Amino acid sequence: MVERKPAKWLSEGGRSMSAAIPSLTPITNALTIDVEDYFQVSAFAPHIARCEWNTRECRVERNIGRILAMLAQRDIKATFFTLGWIAERYPSLIREIAQAGHELASHGYGHERVSDQTEEAFLADVVLSKIILEDLTGSEVKGYRAPSFSIGKGNLWAFDCLVRAGYRYSSSIYPIHHDHYGMPDSPRFAYEVRPGFMEIPITTMRLLSRNLPSSGGGYFRLLPYALSRWMLCRVNTRDCEPGIFYFHPWEIDAGQPRVEGITRKTRFRHYLNIDRMEDRLTALLGDFKWGRMDRIFLNRVVPHVILD
C-alpha cells in the first residue's frame, strides 16, 4: 500500500503548492541520454546536410562532461544511447562513460530515422554502431533507441534486424500522437516483441483515455517542473511501473550556435527553456531513484505482444 501524505510541488520560483499526492516510491526509474550534437537533430536535417557535420563546432564532449559530473555527484548510473558517428570521433569520451559504470547503448550510426531507411540499410547501420561501441569498451551493447522514435507500424521489420544484429532490447516506440513519430495504440510498458527481445516504450501517463508524454525531451522543458514530477510519480505509484526519462546533451547547452532558416515551430521546440534545463534536471535527479536500462528491465518477466 502506498502511503498518502501531503507533499509539496516545488516551483522554479521557489514557491510551493500543497497537494495530496502519493509519496515517492523506491521504484528505480531509467535515466537515459541520447548522445548526439545539436546539428544532428532530425528537425535540422533540411538545413544542415550530413556532409557539413564535420565542419560544425562539436560541443558534445563538454556537455557530456557536465552530465557525467552531475551523475557522479549523486552516484547515479544511466544509459547513454550513443551515435556511432560520435563514438568514432570521441573514443576517449565513450571509454570515460563506460568506465564510470554507465550502460552504453546504440542510437544508430548517423542519426538516420528508421523510417527513411531500407531494411538492408538499417541492418547495416545497427550492426556498425554496435561494433564501434563494443570495440571501444570491450562490453556487450544490448540496447538500441531509434532516432526520433522512428519505429512504427510501417517498419516493424526493424525488430527482426535488431535481433539479427544481436541486440536484446529496444526503446524506440513512443505511444503518443505526434506529428513526427508515435504509435499511440501500442502498449505503454515493457513487452517482448520478439522471442527473447524486448521493446521498452517511452513513458506516458494515461489520463482521460489518452496517453500523455511523461518522460523528458521538449515536453520536460515546456511543462512546469511540478507537473512533470507529478506525472512520473503517478506512473510509479498508480501503475507501479518504472519510468524512462530521456534528454540530449545539447539540451543543457544554452550557448550552442543558433541554426538559421528554421521554422518558428522548430525554433520553439529546440530552444525553449534550454537555459533552465540543468536546474530542472538537478531537481529531477534528487526527487527520484535512477538506474540503467539493462539493470532495470532485462531480468523482468514481461508479456509477449504481437504488434500489427
# chains A, B, ... in the order shown; residues from 1 in each chain; ligands from 1
call {"tool": "residues_around", "arguments": {"residues": "Glu278 (chain A)", "least_positions_apart": "4", "cutoff": "12 Å", "atoms": "only C-alpha atoms", "output": "list of chain:residue names"}}
result
A:Glu12, A:Asn63, A:Arg66, A:Ile67, A:Met70, A:Phe220, A:Arg221, A:Tyr225, A:Phe247, A:His248, A:Pro249, A:Trp250, A:Glu251, A:Ile252, A:Asp253, A:Ala254, A:Asn273, A:Ile274, A:Thr282, A:Ala283, A:Leu284, A:Leu285
call {"tool": "select_by_dssp", "arguments": {"residues": "region 20-141 of chain A", "states": "alpha helix (DSSP H)", "output": "ChimeraX atom specification"}}
result
/A:60-73,84-89,91-99,119-137
call {"tool": "write_last_selection", "arguments": {"atoms": "N, CA and C atoms", "output": "short mmCIF file (atom, residue, chain, number, x, y, z; two decimals), in the first residue's frame"}}
result
data_model
loop_
_atom_site.label_atom_id
_atom_site.label_comp_id
_atom_site.auth_asym_id
_atom_site.auth_seq_id
_atom_site.Cartn_x
_atom_site.Cartn_y
_atom_site.Cartn_z
N VAL A 60 29.54 18.22 -28.01
CA VAL A 60 29.04 17.09 -27.22
C VAL A 60 29.99 16.71 -26.11
N GLU A 61 31.30 16.87 -26.33
CA GLU A 61 32.28 16.44 -25.33
C GLU A 61 32.12 17.22 -24.03
N ARG A 62 32.04 18.53 -24.13
CA ARG A 62 31.92 19.34 -22.91
C ARG A 62 30.57 19.12 -22.23
N ASN A 63 29.53 18.92 -23.03
CA ASN A 63 28.20 18.72 -22.44
C ASN A 63 28.10 17.37 -21.73
N ILE A 64 28.66 16.32 -22.33
CA ILE A 64 28.68 15.01 -21.66
C ILE A 64 29.52 15.09 -20.39
N GLY A 65 30.60 15.86 -20.43
CA GLY A 65 31.41 16.03 -19.22
C GLY A 65 30.60 16.62 -18.08
N ARG A 66 29.77 17.60 -18.38
CA ARG A 66 28.91 18.19 -17.36
C ARG A 66 27.90 17.18 -16.84
N ILE A 67 27.35 16.38 -17.74
CA ILE A 67 26.37 15.38 -17.33
C ILE A 67 27.01 14.31 -16.46
N LEU A 68 28.18 13.85 -16.84
CA LEU A 68 28.87 12.84 -16.03
C LEU A 68 29.17 13.36 -14.63
N ALA A 69 29.52 14.64 -14.53
CA ALA A 69 29.79 15.22 -13.21
C ALA A 69 28.52 15.27 -12.37
N MET A 70 27.39 15.63 -12.98
CA MET A 70 26.11 15.66 -12.26
C MET A 70 25.76 14.28 -11.72
N LEU A 71 25.97 13.26 -12.55
CA LEU A 71 25.61 11.90 -12.14
C LEU A 71 26.56 11.37 -11.08
N ALA A 72 27.85 11.68 -11.22
CA ALA A 72 28.83 11.21 -10.23
C ALA A 72 28.57 11.82 -8.87
N GLN A 73 28.14 13.07 -8.85
CA GLN A 73 27.87 13.75 -7.58
C GLN A 73 26.77 13.04 -6.80
N GLY A 84 27.14 6.11 -33.39
CA GLY A 84 28.45 5.62 -33.82
C GLY A 84 29.31 6.73 -34.37
N TRP A 85 28.71 7.71 -35.01
CA TRP A 85 29.44 8.87 -35.56
C TRP A 85 30.18 9.61 -34.46
N ILE A 86 29.51 9.79 -33.32
CA ILE A 86 30.12 10.45 -32.16
C ILE A 86 31.23 9.57 -31.58
N ALA A 87 30.96 8.28 -31.45
CA ALA A 87 31.93 7.36 -30.83
C ALA A 87 33.23 7.30 -31.63
N GLU A 88 33.13 7.31 -32.96
CA GLU A 88 34.34 7.27 -33.78
C GLU A 88 35.22 8.50 -33.56
N ARG A 89 34.61 9.65 -33.33
CA ARG A 89 35.36 10.90 -33.21
C ARG A 89 35.82 11.18 -31.79
N PRO A 91 36.54 8.70 -29.03
CA PRO A 91 36.65 7.39 -28.36
C PRO A 91 36.97 7.49 -26.87
N SER A 92 37.75 8.49 -26.47
CA SER A 92 38.07 8.61 -25.05
C SER A 92 36.83 8.98 -24.24
N LEU A 93 35.92 9.73 -24.84
CA LEU A 93 34.67 10.07 -24.17
C LEU A 93 33.82 8.83 -23.95
N ILE A 94 33.77 7.96 -24.95
CA ILE A 94 32.99 6.73 -24.83
C ILE A 94 33.57 5.84 -23.75
N ARG A 95 34.88 5.73 -23.70
CA ARG A 95 35.51 4.92 -22.65
C ARG A 95 35.26 5.52 -21.27
N GLU A 96 35.26 6.84 -21.18
CA GLU A 96 35.00 7.50 -19.90
C GLU A 96 33.60 7.19 -19.40
N ILE A 97 32.63 7.20 -20.31
CA ILE A 97 31.25 6.85 -19.93
C ILE A 97 31.19 5.43 -19.38
N ALA A 98 31.81 4.51 -20.09
CA ALA A 98 31.78 3.10 -19.67
C ALA A 98 32.53 2.89 -18.36
N GLN A 99 33.68 3.52 -18.22
CA GLN A 99 34.49 3.35 -17.01
C GLN A 99 33.80 3.93 -15.78
N GLU A 119 15.35 -1.92 -45.24
CA GLU A 119 15.67 -2.94 -44.24
C GLU A 119 17.15 -3.27 -44.26
N GLU A 120 17.73 -3.38 -45.46
CA GLU A 120 19.15 -3.73 -45.57
C GLU A 120 20.03 -2.61 -45.02
N ALA A 121 19.69 -1.36 -45.33
CA ALA A 121 20.49 -0.24 -44.84
C ALA A 121 20.40 -0.12 -43.33
N PHE A 122 19.21 -0.35 -42.78
CA PHE A 122 19.05 -0.27 -41.33
C PHE A 122 19.87 -1.35 -40.63
N LEU A 123 19.83 -2.57 -41.14
CA LEU A 123 20.62 -3.65 -40.53
C LEU A 123 22.10 -3.29 -40.53
N ALA A 124 22.59 -2.76 -41.64
CA ALA A 124 24.00 -2.38 -41.70
C ALA A 124 24.31 -1.28 -40.70
N ASP A 125 23.39 -0.34 -40.53
CA ASP A 125 23.58 0.78 -39.60
C ASP A 125 23.69 0.29 -38.16
N VAL A 126 22.78 -0.58 -37.74
CA VAL A 126 22.78 -1.00 -36.33
C VAL A 126 23.90 -1.98 -36.04
N VAL A 127 24.32 -2.75 -37.05
CA VAL A 127 25.48 -3.63 -36.87
C VAL A 127 26.75 -2.79 -36.70
N LEU A 128 26.91 -1.77 -37.56
CA LEU A 128 28.10 -0.93 -37.50
C LEU A 128 28.20 -0.19 -36.17
N SER A 129 27.11 0.42 -35.72
CA SER A 129 27.16 1.18 -34.47
C SER A 129 27.47 0.27 -33.29
N LYS A 130 26.93 -0.94 -33.29
CA LYS A 130 27.19 -1.90 -32.21
C LYS A 130 28.67 -2.30 -32.18
N ILE A 131 29.23 -2.55 -33.34
CA ILE A 131 30.64 -2.94 -33.43
C ILE A 131 31.54 -1.82 -32.92
N ILE A 132 31.26 -0.59 -33.33
CA ILE A 132 32.09 0.55 -32.91
C ILE A 132 32.09 0.68 -31.39
N LEU A 133 30.92 0.65 -30.78
CA LEU A 133 30.81 0.83 -29.33
C LEU A 133 31.45 -0.33 -28.58
N GLU A 134 31.25 -1.56 -29.06
CA GLU A 134 31.81 -2.72 -28.37
C GLU A 134 33.33 -2.76 -28.51
N ASP A 135 33.85 -2.37 -29.67
CA ASP A 135 35.30 -2.37 -29.85
C ASP A 135 35.97 -1.34 -28.93
N LEU A 136 35.29 -0.24 -28.67
CA LEU A 136 35.87 0.81 -27.83
C LEU A 136 35.88 0.43 -26.35
N THR A 137 34.89 -0.33 -25.92
CA THR A 137 34.73 -0.58 -24.49
C THR A 137 34.97 -2.04 -24.09
#
call {"tool": "atom_distance", "arguments": {"atom1": "CA of Ser228 (chain A)", "atom2": "CA of Pro213 (chain A)"}}
result
9.2 Å
call {"tool": "select_by_dssp", "arguments": {"residues": "region 108-248 of chain A", "states": "strand (DSSP E or B)", "output": "list of chain:residue names"}}
result
A:Gly143, A:Tyr144, A:Tyr169, A:Ser170, A:Tyr191, A:Glu192, A:Val193, A:Arg194, A:Phe197, A:Met198, A:Glu199, A:Thr204, A:Met205, A:Arg206, A:Leu207, A:Arg210, A:Asn211, A:Leu212, A:Pro213, A:Gly216, A:Ile244, A:Phe245, A:Tyr246, A:Phe247
call {"tool": "write_last_selection", "arguments": {"atoms": "N, CA and C atoms", "output": "PDB file, in the first residue's frame"}}
result
ATOM      1  N   GLY A 143      21.321  -2.565 -25.910  1.00  0.00           N
ATOM      2  CA  GLY A 143      20.151  -1.753 -26.192  1.00  0.00           C
ATOM      3  C   GLY A 143      20.285  -0.865 -27.413  1.00  0.00           C
ATOM      4  N   TYR A 144      19.146  -0.486 -27.965  1.00  0.00           N
ATOM      5  CA  TYR A 144      19.078   0.398 -29.135  1.00  0.00           C
ATOM      6  C   TYR A 144      17.899   1.348 -28.963  1.00  0.00           C
ATOM      7  N   TYR A 169      17.325  -5.465 -26.463  1.00  0.00           N
ATOM      8  CA  TYR A 169      16.137  -4.638 -26.237  1.00  0.00           C
ATOM      9  C   TYR A 169      16.203  -3.386 -27.096  1.00  0.00           C
ATOM     10  N   SER A 170      15.028  -2.801 -27.274  1.00  0.00           N
ATOM     11  CA  SER A 170      14.879  -1.524 -27.957  1.00  0.00           C
ATOM     12  C   SER A 170      14.056  -0.605 -27.066  1.00  0.00           C
ATOM     13  N   TYR A 191       7.469  -4.948 -23.040  1.00  0.00           N
ATOM     14  CA  TYR A 191       6.889  -6.192 -23.515  1.00  0.00           C
ATOM     15  C   TYR A 191       7.877  -6.883 -24.449  1.00  0.00           C
ATOM     16  N   GLU A 192       7.697  -8.190 -24.606  1.00  0.00           N
ATOM     17  CA  GLU A 192       8.514  -8.976 -25.525  1.00  0.00           C
ATOM     18  C   GLU A 192       7.880  -8.891 -26.906  1.00  0.00           C
ATOM     19  N   VAL A 193       8.611  -8.287 -27.849  1.00  0.00           N
ATOM     20  CA  VAL A 193       8.061  -8.089 -29.183  1.00  0.00           C
ATOM     21  C   VAL A 193       8.571  -9.153 -30.163  1.00  0.00           C
ATOM     22  N   ARG A 194       9.665  -9.814 -29.801  1.00  0.00           N
ATOM     23  CA  ARG A 194      10.196 -10.975 -30.498  1.00  0.00           C
ATOM     24  C   ARG A 194      10.723 -11.901 -29.415  1.00  0.00           C
ATOM     25  N   PHE A 197      13.493 -10.790 -27.086  1.00  0.00           N
ATOM     26  CA  PHE A 197      13.805  -9.389 -27.406  1.00  0.00           C
ATOM     27  C   PHE A 197      12.668  -8.492 -26.916  1.00  0.00           C
ATOM     28  N   MET A 198      13.043  -7.441 -26.204  1.00  0.00           N
ATOM     29  CA  MET A 198      12.078  -6.598 -25.507  1.00  0.00           C
ATOM     30  C   MET A 198      12.007  -5.198 -26.112  1.00  0.00           C
ATOM     31  N   GLU A 199      10.810  -4.669 -26.235  1.00  0.00           N
ATOM     32  CA  GLU A 199      10.612  -3.239 -26.520  1.00  0.00           C
ATOM     33  C   GLU A 199      10.215  -2.565 -25.213  1.00  0.00           C
ATOM     34  N   THR A 204       4.595   7.149 -20.706  1.00  0.00           N
ATOM     35  CA  THR A 204       3.426   8.024 -20.804  1.00  0.00           C
ATOM     36  C   THR A 204       2.554   7.849 -19.571  1.00  0.00           C
ATOM     37  N   MET A 205       1.743   8.858 -19.297  1.00  0.00           N
ATOM     38  CA  MET A 205       0.736   8.762 -18.246  1.00  0.00           C
ATOM     39  C   MET A 205      -0.636   8.697 -18.908  1.00  0.00           C
ATOM     40  N   ARG A 206      -1.463   7.773 -18.438  1.00  0.00           N
ATOM     41  CA  ARG A 206      -2.800   7.597 -19.004  1.00  0.00           C
ATOM     42  C   ARG A 206      -3.780   8.499 -18.275  1.00  0.00           C
ATOM     43  N   LEU A 207      -4.468   9.354 -19.032  1.00  0.00           N
ATOM     44  CA  LEU A 207      -5.441  10.266 -18.436  1.00  0.00           C
ATOM     45  C   LEU A 207      -6.540  10.540 -19.446  1.00  0.00           C
ATOM     46  N   ARG A 210      -6.322   8.883 -22.860  1.00  0.00           N
ATOM     47  CA  ARG A 210      -5.257   9.380 -23.742  1.00  0.00           C
ATOM     48  C   ARG A 210      -3.910   9.232 -23.052  1.00  0.00           C
ATOM     49  N   ASN A 211      -2.886   8.911 -23.829  1.00  0.00           N
ATOM     50  CA  ASN A 211      -1.528   8.839 -23.301  1.00  0.00           C
ATOM     51  C   ASN A 211      -0.874  10.210 -23.370  1.00  0.00           C
ATOM     52  N   LEU A 212      -0.367  10.664 -22.235  1.00  0.00           N
ATOM     53  CA  LEU A 212       0.298  11.960 -22.169  1.00  0.00           C
ATOM     54  C   LEU A 212       1.801  11.762 -22.003  1.00  0.00           C
ATOM     55  N   PRO A 213       2.619  12.505 -22.750  1.00  0.00           N
ATOM     56  CA  PRO A 213       4.079  12.350 -22.649  1.00  0.00           C
ATOM     57  C   PRO A 213       4.574  12.721 -21.262  1.00  0.00           C
ATOM     58  N   GLY A 216      10.371  13.354 -20.577  1.00  0.00           N
ATOM     59  CA  GLY A 216      11.530  14.170 -20.911  1.00  0.00           C
ATOM     60  C   GLY A 216      11.440  14.839 -22.256  1.00  0.00           C
ATOM     61  N   ILE A 244      10.808   5.934 -17.772  1.00  0.00           N
ATOM     62  CA  ILE A 244      12.011   6.184 -18.564  1.00  0.00           C
ATOM     63  C   ILE A 244      12.074   7.684 -18.826  1.00  0.00           C
ATOM     64  N   PHE A 245      13.181   8.299 -18.471  1.00  0.00           N
ATOM     65  CA  PHE A 245      13.390   9.710 -18.753  1.00  0.00           C
ATOM     66  C   PHE A 245      14.534   9.833 -19.749  1.00  0.00           C
ATOM     67  N   TYR A 246      14.356  10.720 -20.736  1.00  0.00           N
ATOM     68  CA  TYR A 246      15.425  10.903 -21.720  1.00  0.00           C
ATOM     69  C   TYR A 246      15.685  12.391 -21.949  1.00  0.00           C
ATOM     70  N   PHE A 247      16.927  12.701 -22.271  1.00  0.00           N
ATOM     71  CA  PHE A 247      17.280  14.048 -22.698  1.00  0.00           C
ATOM     72  C   PHE A 247      18.526  13.978 -23.554  1.00  0.00           C
TER      73      PHE A 247
END
call {"tool": "decode", "arguments": {"residues": "region 160-190 of chain A", "atoms": "N, CA and C atoms", "output": "mmCIF file, in the first residue's frame"}}
result
data_model
loop_
_atom_site.group_PDB
_atom_site.id
_atom_site.type_symbol
_atom_site.label_atom_id
_atom_site.label_comp_id
_atom_site.auth_asym_id
_atom_site.auth_seq_id
_atom_site.Cartn_x
_atom_site.Cartn_y
_atom_site.Cartn_z
ATOM 1 N N ASP A 160 13.224 -7.346 -36.239
ATOM 2 C CA ASP A 160 13.917 -8.533 -36.738
ATOM 3 C C ASP A 160 15.385 -8.210 -37.024
ATOM 4 N N CYS A 161 15.637 -7.021 -37.554
ATOM 5 C CA CYS A 161 17.019 -6.607 -37.809
ATOM 6 C C CYS A 161 17.805 -6.484 -36.506
ATOM 7 N N LEU A 162 17.189 -5.924 -35.491
ATOM 8 C CA LEU A 162 17.869 -5.761 -34.204
ATOM 9 C C LEU A 162 18.185 -7.109 -33.571
ATOM 10 N N VAL A 163 17.279 -8.056 -33.708
ATOM 11 C CA VAL A 163 17.547 -9.409 -33.202
ATOM 12 C C VAL A 163 18.721 -10.024 -33.956
ATOM 13 N N ARG A 164 18.723 -9.888 -35.269
ATOM 14 C CA ARG A 164 19.814 -10.437 -36.093
ATOM 15 C C ARG A 164 21.152 -9.794 -35.724
ATOM 16 N N ALA A 165 21.119 -8.516 -35.370
ATOM 17 C CA ALA A 165 22.353 -7.804 -35.031
ATOM 18 C C ALA A 165 22.852 -8.126 -33.629
ATOM 19 N N GLY A 166 22.042 -8.813 -32.825
ATOM 20 C CA GLY A 166 22.486 -9.236 -31.503
ATOM 21 C C GLY A 166 22.065 -8.341 -30.353
ATOM 22 N N TYR A 167 21.134 -7.428 -30.592
ATOM 23 C CA TYR A 167 20.623 -6.597 -29.509
ATOM 24 C C TYR A 167 19.621 -7.397 -28.668
ATOM 25 N N ARG A 168 19.413 -6.927 -27.443
ATOM 26 C CA ARG A 168 18.465 -7.609 -26.556
ATOM 27 C C ARG A 168 17.232 -6.767 -26.241
ATOM 28 N N TYR A 169 17.325 -5.465 -26.463
ATOM 29 C CA TYR A 169 16.137 -4.638 -26.237
ATOM 30 C C TYR A 169 16.203 -3.386 -27.096
ATOM 31 N N SER A 170 15.028 -2.801 -27.274
ATOM 32 C CA SER A 170 14.879 -1.524 -27.957
ATOM 33 C C SER A 170 14.056 -0.605 -27.066
ATOM 34 N N SER A 171 14.303 0.694 -27.198
ATOM 35 C CA SER A 171 13.462 1.697 -26.526
ATOM 36 C C SER A 171 13.145 2.754 -27.572
ATOM 37 N N SER A 172 12.312 2.370 -28.532
ATOM 38 C CA SER A 172 12.160 3.140 -29.764
ATOM 39 C C SER A 172 10.738 3.559 -30.084
ATOM 40 N N ILE A 173 9.776 3.100 -29.317
ATOM 41 C CA ILE A 173 8.376 3.438 -29.605
ATOM 42 C C ILE A 173 7.846 4.377 -28.535
ATOM 43 N N TYR A 174 7.231 5.449 -28.991
ATOM 44 C CA TYR A 174 6.604 6.421 -28.087
ATOM 45 C C TYR A 174 5.094 6.311 -28.300
ATOM 46 N N PRO A 175 4.355 5.761 -27.342
ATOM 47 C CA PRO A 175 2.920 5.528 -27.552
ATOM 48 C C PRO A 175 2.060 6.783 -27.377
ATOM 49 N N ILE A 176 2.346 7.803 -28.206
ATOM 50 C CA ILE A 176 1.575 9.044 -28.194
ATOM 51 C C ILE A 176 1.290 9.470 -29.633
ATOM 52 N N HIS A 177 0.404 10.465 -29.779
ATOM 53 C CA HIS A 177 0.197 11.143 -31.054
ATOM 54 C C HIS A 177 1.217 12.269 -31.164
ATOM 55 N N HIS A 178 1.946 12.323 -32.278
ATOM 56 C CA HIS A 178 2.920 13.389 -32.509
ATOM 57 C C HIS A 178 3.053 13.558 -34.016
ATOM 58 N N ASP A 179 3.407 14.765 -34.455
ATOM 59 C CA ASP A 179 3.473 14.985 -35.899
ATOM 60 C C ASP A 179 4.695 14.338 -36.549
ATOM 61 N N HIS A 180 5.690 13.934 -35.766
ATOM 62 C CA HIS A 180 6.885 13.320 -36.337
ATOM 63 C C HIS A 180 7.061 11.849 -35.966
ATOM 64 N N TYR A 181 6.370 11.371 -34.965
ATOM 65 C CA TYR A 181 6.523 9.983 -34.536
ATOM 66 C C TYR A 181 5.333 9.606 -33.673
ATOM 67 N N GLY A 182 5.349 8.372 -33.186
ATOM 68 C CA GLY A 182 4.312 7.947 -32.249
ATOM 69 C C GLY A 182 3.522 6.745 -32.731
ATOM 70 N N MET A 183 3.161 5.899 -31.795
ATOM 71 C CA MET A 183 2.342 4.710 -32.039
ATOM 72 C C MET A 183 1.384 4.601 -30.851
ATOM 73 N N PRO A 184 0.358 5.452 -30.814
ATOM 74 C CA PRO A 184 -0.456 5.617 -29.600
ATOM 75 C C PRO A 184 -1.206 4.379 -29.143
ATOM 76 N N ASP A 185 -1.433 3.412 -30.036
ATOM 77 C CA ASP A 185 -2.184 2.221 -29.660
ATOM 78 C C ASP A 185 -1.294 1.083 -29.168
ATOM 79 N N SER A 186 0.005 1.306 -29.140
ATOM 80 C CA SER A 186 0.923 0.255 -28.678
ATOM 81 C C SER A 186 0.957 0.217 -27.151
ATOM 82 N N PRO A 187 1.448 -0.867 -26.553
ATOM 83 C CA PRO A 187 1.492 -0.970 -25.089
ATOM 84 C C PRO A 187 2.331 0.145 -24.467
ATOM 85 N N ARG A 188 1.980 0.515 -23.245
ATOM 86 C CA ARG A 188 2.672 1.608 -22.553
ATOM 87 C C ARG A 188 3.912 1.129 -21.802
ATOM 88 N N PHE A 189 3.978 -0.149 -21.479
ATOM 89 C CA PHE A 189 5.087 -0.637 -20.667
ATOM 90 C C PHE A 189 5.792 -1.803 -21.361
ATOM 91 N N ALA A 190 6.933 -2.195 -20.822
ATOM 92 C CA ALA A 190 7.828 -3.146 -21.479
ATOM 93 C C ALA A 190 7.118 -4.438 -21.857
#
